[in-house]
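A.B. asks: What follows is run.pdb, PDB, C-alpha atoms.
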ATOM      1  CA  MET I   1     -17.042 -12.044   4.722
ATOM      2  CA  THR I   2     -16.633 -10.573   8.181
ATOM      3  CA  SER I   3     -16.439  -6.810   8.266
ATOM      4  CA  LEU I   4     -14.552  -5.302  11.162
ATOM      5  CA  ALA I   5     -14.665  -1.606  11.982
ATOM      6  CA  TYR I   6     -10.916  -1.202  11.598
ATOM      7  CA  ASP I   7     -10.562  -2.979   8.274
ATOM      8  CA  ILE I   8     -12.481  -0.330   6.354
ATOM      9  CA  PRO I   9     -10.100   1.921   4.414
ATOM     10  CA  VAL I  10     -10.401   5.627   5.150
ATOM     11  CA  LEU I  11     -10.114   7.724   2.031
ATOM     12  CA  PRO I  12      -8.139  10.962   2.084
ATOM     13  CA  PRO I  13     -10.022  14.263   2.136
ATOM     14  CA  SER I  14     -10.842  15.634  -1.296
ATOM     15  CA  ASP I  15      -8.413  18.484  -0.607
ATOM     16  CA  PRO I  16      -5.228  17.009   0.924
ATOM     17  CA  HIS I  17      -4.079  20.489   1.950
ATOM     18  CA  THR I  18      -6.744  20.534   4.664
ATOM     19  CA  MET I  19      -4.410  18.284   6.647
ATOM     20  CA  ASP I  20      -1.378  20.586   6.371
ATOM     21  CA  ALA I  21      -1.854  22.182   9.794
ATOM     22  CA  LEU I  22      -2.305  18.795  11.431
ATOM     23  CA  ARG I  23       0.817  17.433   9.772
ATOM     24  CA  ASP I  24       2.828  20.511  10.758
ATOM     25  CA  LEU I  25       1.711  20.129  14.374
ATOM     26  CA  LEU I  26       2.531  16.415  14.471
ATOM     27  CA  ALA I  27       5.842  16.857  12.642
ATOM     28  CA  SER I  28       7.202  19.691  14.760
ATOM     29  CA  SER I  29      10.202  18.341  16.639
ATOM     30  CA  GLY I  30       9.658  17.546  20.272
ATOM     31  CA  ALA I  31       5.979  18.469  20.068
ATOM     32  CA  GLN I  32       3.763  16.944  22.692
ATOM     33  CA  VAL I  33       0.271  16.707  21.283
ATOM     34  CA  THR I  34      -2.678  16.760  23.634
ATOM     35  CA  LEU I  35      -6.243  15.682  22.954
ATOM     36  CA  ARG I  36      -9.000  17.649  24.638
ATOM     37  CA  GLY I  37     -12.399  16.047  25.216
ATOM     38  CA  THR I  38     -15.757  17.805  25.198
ATOM     39  CA  GLU I  39     -15.694  17.946  29.001
ATOM     40  CA  GLY I  40     -12.282  19.652  28.946
ATOM     41  CA  ASP I  41     -10.350  16.512  29.900
ATOM     42  CA  GLU I  42      -6.878  16.422  28.362
ATOM     43  CA  VAL I  43      -4.650  13.468  27.506
ATOM     44  CA  VAL I  44      -1.137  13.588  26.040
ATOM     45  CA  ILE I  45      -0.805  11.369  22.961
ATOM     46  CA  PRO I  46       1.904   8.724  23.560
ATOM     47  CA  ASP I  47       4.909   8.762  21.211
ATOM     48  CA  GLU I  48       3.856   5.441  19.609
ATOM     49  CA  LEU I  49       0.428   6.768  18.660
ATOM     50  CA  HIS I  50       1.951  10.107  17.653
ATOM     51  CA  HIS I  51       4.060   8.262  15.040
ATOM     52  CA  VAL I  52       0.998   6.359  13.748
ATOM     53  CA  LEU I  53      -1.018   9.566  13.411
ATOM     54  CA  LEU I  54       1.807  11.357  11.589
ATOM     55  CA  SER I  55       2.212   8.438   9.172
ATOM     56  CA  ALA I  56      -1.534   8.353   8.538
ATOM     57  CA  VAL I  57      -1.725  12.100   7.876
ATOM     58  CA  GLU I  58       1.271  11.971   5.498
ATOM     59  CA  ALA I  59      -0.241   9.025   3.602
ATOM     60  CA  MET I  60      -3.572  10.821   3.267
ATOM     61  CA  GLN I  61      -1.842  14.007   2.103
ATOM     62  CA  SER I  62      -0.281  12.032  -0.735
ATOM     63  CA  GLY I  63      -3.736  10.768  -1.754
ATOM     64  CA  LYS I  64      -3.559   7.292  -0.207
ATOM     65  CA  ALA I  65      -6.323   5.589   1.716
ATOM     66  CA  ILE I  66      -5.342   4.190   5.100
ATOM     67  CA  THR I  67      -6.380   1.280   7.267
ATOM     68  CA  VAL I  68      -5.436   0.735  10.883
ATOM     69  CA  ALA I  69      -5.615  -2.846  12.104
ATOM     70  CA  PRO I  70      -4.199  -4.824  15.019
ATOM     71  CA  VAL I  71      -1.084  -6.876  14.264
ATOM     72  CA  ASN I  72      -2.758 -10.185  15.078
ATOM     73  CA  LEU I  73      -5.666  -9.604  12.698
ATOM     74  CA  THR I  74      -6.442 -12.594  10.507
ATOM     75  CA  VAL I  75      -8.395 -12.445   7.278
ATOM     76  CA  THR I  76     -10.178 -14.874   4.981
ATOM     77  CA  THR I  77      -8.845 -15.843   1.570
ATOM     78  CA  GLN I  78     -11.344 -13.457  -0.047
ATOM     79  CA  GLU I  79     -10.289 -10.587   2.199
ATOM     80  CA  ALA I  80      -6.642 -11.402   1.397
ATOM     81  CA  ALA I  81      -7.474 -11.361  -2.314
ATOM     82  CA  ASP I  82      -9.163  -7.964  -1.950
ATOM     83  CA  PHE I  83      -6.164  -6.632  -0.016
ATOM     84  CA  LEU I  84      -3.654  -7.840  -2.632
ATOM     85  CA  GLY I  85      -5.855  -6.917  -5.594
ATOM     86  CA  ILE I  86      -5.862 -10.453  -7.012
ATOM     87  CA  SER I  87      -8.427 -13.233  -7.312
ATOM     88  CA  ARG I  88      -9.273 -15.614  -4.466
ATOM     89  CA  PRO I  89      -8.056 -18.641  -6.471
ATOM     90  CA  SER I  90      -4.716 -16.855  -6.898
ATOM     91  CA  VAL I  91      -4.471 -16.415  -3.125
ATOM     92  CA  VAL I  92      -5.302 -20.102  -2.599
ATOM     93  CA  LYS I  93      -2.541 -21.009  -5.054
ATOM     94  CA  LEU I  94      -0.050 -18.833  -3.133
ATOM     95  CA  LEU I  95      -1.098 -20.549   0.101
ATOM     96  CA  ASN I  96      -0.751 -24.024  -1.431
ATOM     97  CA  GLU I  97       2.721 -23.102  -2.728
ATOM     98  CA  SER I  98       3.669 -21.941   0.821
ATOM     99  CA  ARG I  99       4.409 -18.435  -0.447
ATOM    100  CA  ILE I 100       2.088 -16.995   2.208
ATOM    101  CA  PRO I 101       1.704 -18.729   5.577
ATOM    102  CA  TYR I 102      -1.765 -19.446   6.902
ATOM    103  CA  GLU I 103      -3.561 -21.081   9.787
ATOM    104  CA  ARG I 104      -6.437 -23.505   9.771
ATOM    105  CA  PRO I 105      -8.445 -23.397  13.015
ATOM    106  CA  ALA I 106      -8.837 -26.831  14.629
ATOM    107  CA  ALA I 107     -12.622 -26.773  14.374
ATOM    108  CA  GLY I 108     -12.829 -25.199  10.934
ATOM    109  CA  ARG I 109     -11.935 -25.925   7.353
ATOM    110  CA  HIS I 110     -11.391 -22.315   6.267
ATOM    111  CA  ARG I 111      -7.906 -20.882   6.121
ATOM    112  CA  ARG I 112      -7.030 -17.717   8.010
ATOM    113  CA  ILE I 113      -4.146 -15.476   6.982
ATOM    114  CA  ARG I 114      -2.405 -13.022   9.297
ATOM    115  CA  LEU I 115      -2.448  -9.476   7.971
ATOM    116  CA  THR I 116       1.248  -9.112   8.810
ATOM    117  CA  ASP I 117       2.034 -12.101   6.560
ATOM    118  CA  LEU I 118       0.083 -10.477   3.714
ATOM    119  CA  VAL I 119       1.964  -7.209   4.132
ATOM    120  CA  GLU I 120       5.304  -9.064   4.162
ATOM    121  CA  TYR I 121       4.336 -10.946   0.983
ATOM    122  CA  GLN I 122       3.291  -7.684  -0.679
ATOM    123  CA  GLN I 123       6.621  -6.063   0.243
ATOM    124  CA  ARG I 124       8.590  -9.068  -1.087
ATOM    125  CA  GLN I 125       6.643  -8.859  -4.343
ATOM    126  CA  ARG I 126       7.427  -5.166  -4.733
ATOM    127  CA  VAL I 127      11.149  -5.798  -4.189
ATOM    128  CA  GLU I 128      11.125  -8.684  -6.701
ATOM    129  CA  GLN I 129       9.266  -6.581  -9.271
ATOM    130  CA  SER I 130      11.674  -3.688  -8.840
ATOM    131  CA  GLU I 131      14.683  -5.988  -9.205
ATOM    132  CA  SER I 132      13.153  -7.558 -12.329
ATOM    133  CA  LEU I 133      12.537  -4.160 -13.898
ATOM    134  CA  ASP I 134      16.101  -3.089 -13.095
ATOM    135  CA  GLU I 135      17.413  -6.259 -14.742
ATOM    136  CA  MET I 136      15.261  -5.677 -17.834
ATOM    137  CA  VAL I 137      16.661  -2.154 -18.151
ATOM    138  CA  ARG I 138      20.236  -3.466 -17.782
ATOM    139  CA  ILE I 139      19.593  -6.058 -20.499
ATOM    140  CA  GLY I 140      18.055  -3.405 -22.775
ATOM    141  CA  GLU I 141      20.975  -1.060 -22.217
ATOM    142  CA  SER I 142      23.577  -3.750 -22.891
ATOM    143  CA  ALA I 143      21.707  -4.722 -26.071
ATOM    144  CA  GLY I 144      21.802  -1.096 -27.222
ATOM    145  CA  LEU I 145      18.054  -0.640 -27.128
ATOM    146  CA  TYR I 146      18.342   2.742 -25.424
ATOM    147  CA  GLU I 147      19.814   5.809 -27.039
ATOM    148  CA  ASP I 148      21.470   8.655 -25.164
ATOM    149  CA  THR I 149      19.475  11.196 -27.144
ATOM    150  CA  PRO I 150      16.119  10.692 -28.829
ATOM    151  CA  PRO I 151      16.007  10.778 -32.614
ATOM    152  CA  GLU I 152      15.214  14.192 -34.074
ATOM    153  CA  ASN I 153      11.914  12.957 -35.450
ATOM    154  CA  TYR I 154      10.719  11.304 -32.204
ATOM    155  CA  LEU I 155       7.462  13.300 -32.223
ATOM    156  CA  ASP I 156       6.709  12.000 -35.735
ATOM    157  CA  ILE I 157       7.414   8.447 -34.548
ATOM    158  CA  ILE I 158       5.078   8.817 -31.548
ATOM    159  CA  THR I 159       2.340  10.300 -33.746
ATOM    160  CA  SER I 160       2.710   7.428 -36.208
ATOM    161  CA  VAL I 161       2.493   4.806 -33.443
ATOM    162  CA  ARG I 162      -0.599   6.461 -31.968
ATOM    163  CA  ARG I 163      -2.229   6.645 -35.392
ATOM    164  CA  ASN I 164      -1.556   2.942 -36.045
ATOM    165  CA  ARG I 165      -2.867   1.905 -32.603
ATOM    166  CA  SER I 166      -6.185   3.685 -33.127
ATOM    167  CA  ARG I 167      -6.869   1.785 -36.326
TER
END
Output the file's structure in the form of structure tokens.
C.D. replies:
Amino acid sequence: MTSLAYDIPVLPPSDPHTMDALRDLLASSGAQVTLRGTEGDEVVIPDELHHVLLSAVEAMQSGKAITVAPVNLTVTTQEAADFLGISRPSVVKLLNESRIPYERPAAGRHRRIRLTDLVEYQQRQRVEQSESLDEMVRIGESAGLYEDTPPENYLDIITSVRRNRSR
């Protein structure tokens, strides 16, 4: 597995509030942020990078790890599996079913998957899962499986279920 410097997730700081000042600076409307080097050189951060930095800070504040990678980055099937949180054989199955596009270099036998295609697949999966859950709730509601108010003895019911599960 090839390890590239930009494919290593960066974990958020242990205290997400340490990034509050940085987020406030980046989020202030019309703010032009300048980087100052050790020699005193200054460079204004372009709007495109400003947006990336703000998104990264906000993600880290909410406890998420981040990764920055070029759009054309390709990964192996194992790296794709790690990214999606599934097994490599599951990724291979998705590739064989044409659910995720891939490339096979002319001189090689290993498949390469564009990171953008993985992200698109992941987003499609999330939408499908959300729609499925919504449909399950609609079915449950129409079948009368949900009550407007919980029964008066709901705490007794929960205690009983917990007791039976621990046996």
A.B. asks: So how many Å separate atom CA of I:Leu118 and atom CA of I:Phe83, to one decimal?
C.D. replies: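 It comes out at 8.2 Å.
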A.B. asks: Taking 5 positions as the minimum chain separation for residues in the same chain, which residues sit within 9 Å of I:Val71 when counting all atoms listed in the file? Answer as a VMD selection string.
C.D. replies: chain I and resid 114 to 116
A.B. asks: How many Å separate atom CA of I:Ser98 from atom CA of I:Glu128?
C.D. replies: 17.0 Å
A.B. asks: What are the centre and the three edge lengths of an axis-aligned box that wraps all atoms of stretch 40-59 of chain I in the file, given that 4 Å is added to every side, written as JSON and rounded to one decimal in Å?
C.D. replies:
{"center_x": -3.7, "center_y": 12.5, "center_z": 16.8, "size_x": 25.2, "size_y": 22.2, "size_z": 34.3}
A.B. asks: Show which residues sit within 8 Å of I:Val75, as a ChimeraX atom specification. Count all atoms listed in the file, and ignore same-chain residues fewer than 2 positions away.
C.D. replies: /I:73,77-80,112-115
A.B. asks: Rounded to one decimal place, report the atom CA of I:Asn96-atom CA of I:Gln123 distance in Å.
C.D. replies: 19.5 Å
A.B. asks: Which one of I:Ile66, I:Ala27, I:Ala107, I:Leu22 sits closest to I:Asp47 if you count only C-alpha atoms?
C.D. replies: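 Smallest separation from I:Asp47 among the options: I:Ala27.
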A.B. asks: Which one of I:Asp117, I:Asp41, I:Glu58, I:Glu131 sits closest to I:Met19 if you count only C-alpha atoms?
C.D. replies: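 Under the stated criterion, the closest residue is I:Glu58.
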A.B. asks: Would you mind putting back N, CA and C atoms on stretch 54-72 of chain I, then writing it out as a compact mmCIF listing (two decimals), in the frame of the given file?
C.D. replies:
# COMPACT_ATOMS: atom_id res chain seq x y z
N LEU I 54 1.02 10.62 12.58
CA LEU I 54 1.81 11.36 11.59
C LEU I 54 1.89 10.57 10.28
N SER I 55 2.14 9.27 10.38
CA SER I 55 2.21 8.44 9.17
C SER I 55 0.88 8.43 8.43
N ALA I 56 -0.21 8.36 9.17
CA ALA I 56 -1.53 8.35 8.54
C ALA I 56 -1.82 9.67 7.83
N VAL I 57 -1.49 10.78 8.48
CA VAL I 57 -1.72 12.10 7.88
C VAL I 57 -0.88 12.25 6.61
N GLU I 58 0.40 11.85 6.67
CA GLU I 58 1.27 11.97 5.50
C GLU I 58 0.77 11.10 4.35
N ALA I 59 0.30 9.90 4.65
CA ALA I 59 -0.24 9.02 3.60
C ALA I 59 -1.48 9.66 2.97
N MET I 60 -2.35 10.20 3.78
CA MET I 60 -3.57 10.82 3.27
C MET I 60 -3.26 12.07 2.46
N GLN I 61 -2.23 12.82 2.87
CA GLN I 61 -1.84 14.01 2.10
C GLN I 61 -1.38 13.63 0.71
N SER I 62 -0.76 12.45 0.58
CA SER I 62 -0.28 12.03 -0.74
C SER I 62 -1.37 11.29 -1.52
N GLY I 63 -2.61 11.32 -1.02
CA GLY I 63 -3.74 10.77 -1.75
C GLY I 63 -4.01 9.30 -1.51
N LYS I 64 -3.38 8.72 -0.49
CA LYS I 64 -3.56 7.29 -0.21
C LYS I 64 -4.64 7.08 0.84
N ALA I 65 -5.38 6.00 0.68
CA ALA I 65 -6.32 5.59 1.72
C ALA I 65 -5.53 4.87 2.80
N ILE I 66 -6.04 4.87 4.02
CA ILE I 66 -5.34 4.19 5.10
C ILE I 66 -6.27 3.21 5.79
N THR I 67 -5.67 2.23 6.43
CA THR I 67 -6.38 1.28 7.27
C THR I 67 -5.53 1.05 8.50
N VAL I 68 -6.14 1.05 9.65
CA VAL I 68 -5.44 0.74 10.88
C VAL I 68 -6.03 -0.57 11.39
N ALA I 69 -5.15 -1.54 11.65
CA ALA I 69 -5.62 -2.85 12.10
C ALA I 69 -4.63 -3.41 13.11
N PRO I 70 -5.11 -4.21 14.06
CA PRO I 70 -4.20 -4.82 15.02
C PRO I 70 -3.28 -5.82 14.32
N VAL I 71 -2.09 -6.01 14.87
CA VAL I 71 -1.08 -6.88 14.26
C VAL I 71 -1.58 -8.31 14.14
N ASN I 72 -2.33 -8.80 15.09
CA ASN I 72 -2.76 -10.18 15.08
C ASN I 72 -4.02 -10.43 14.25
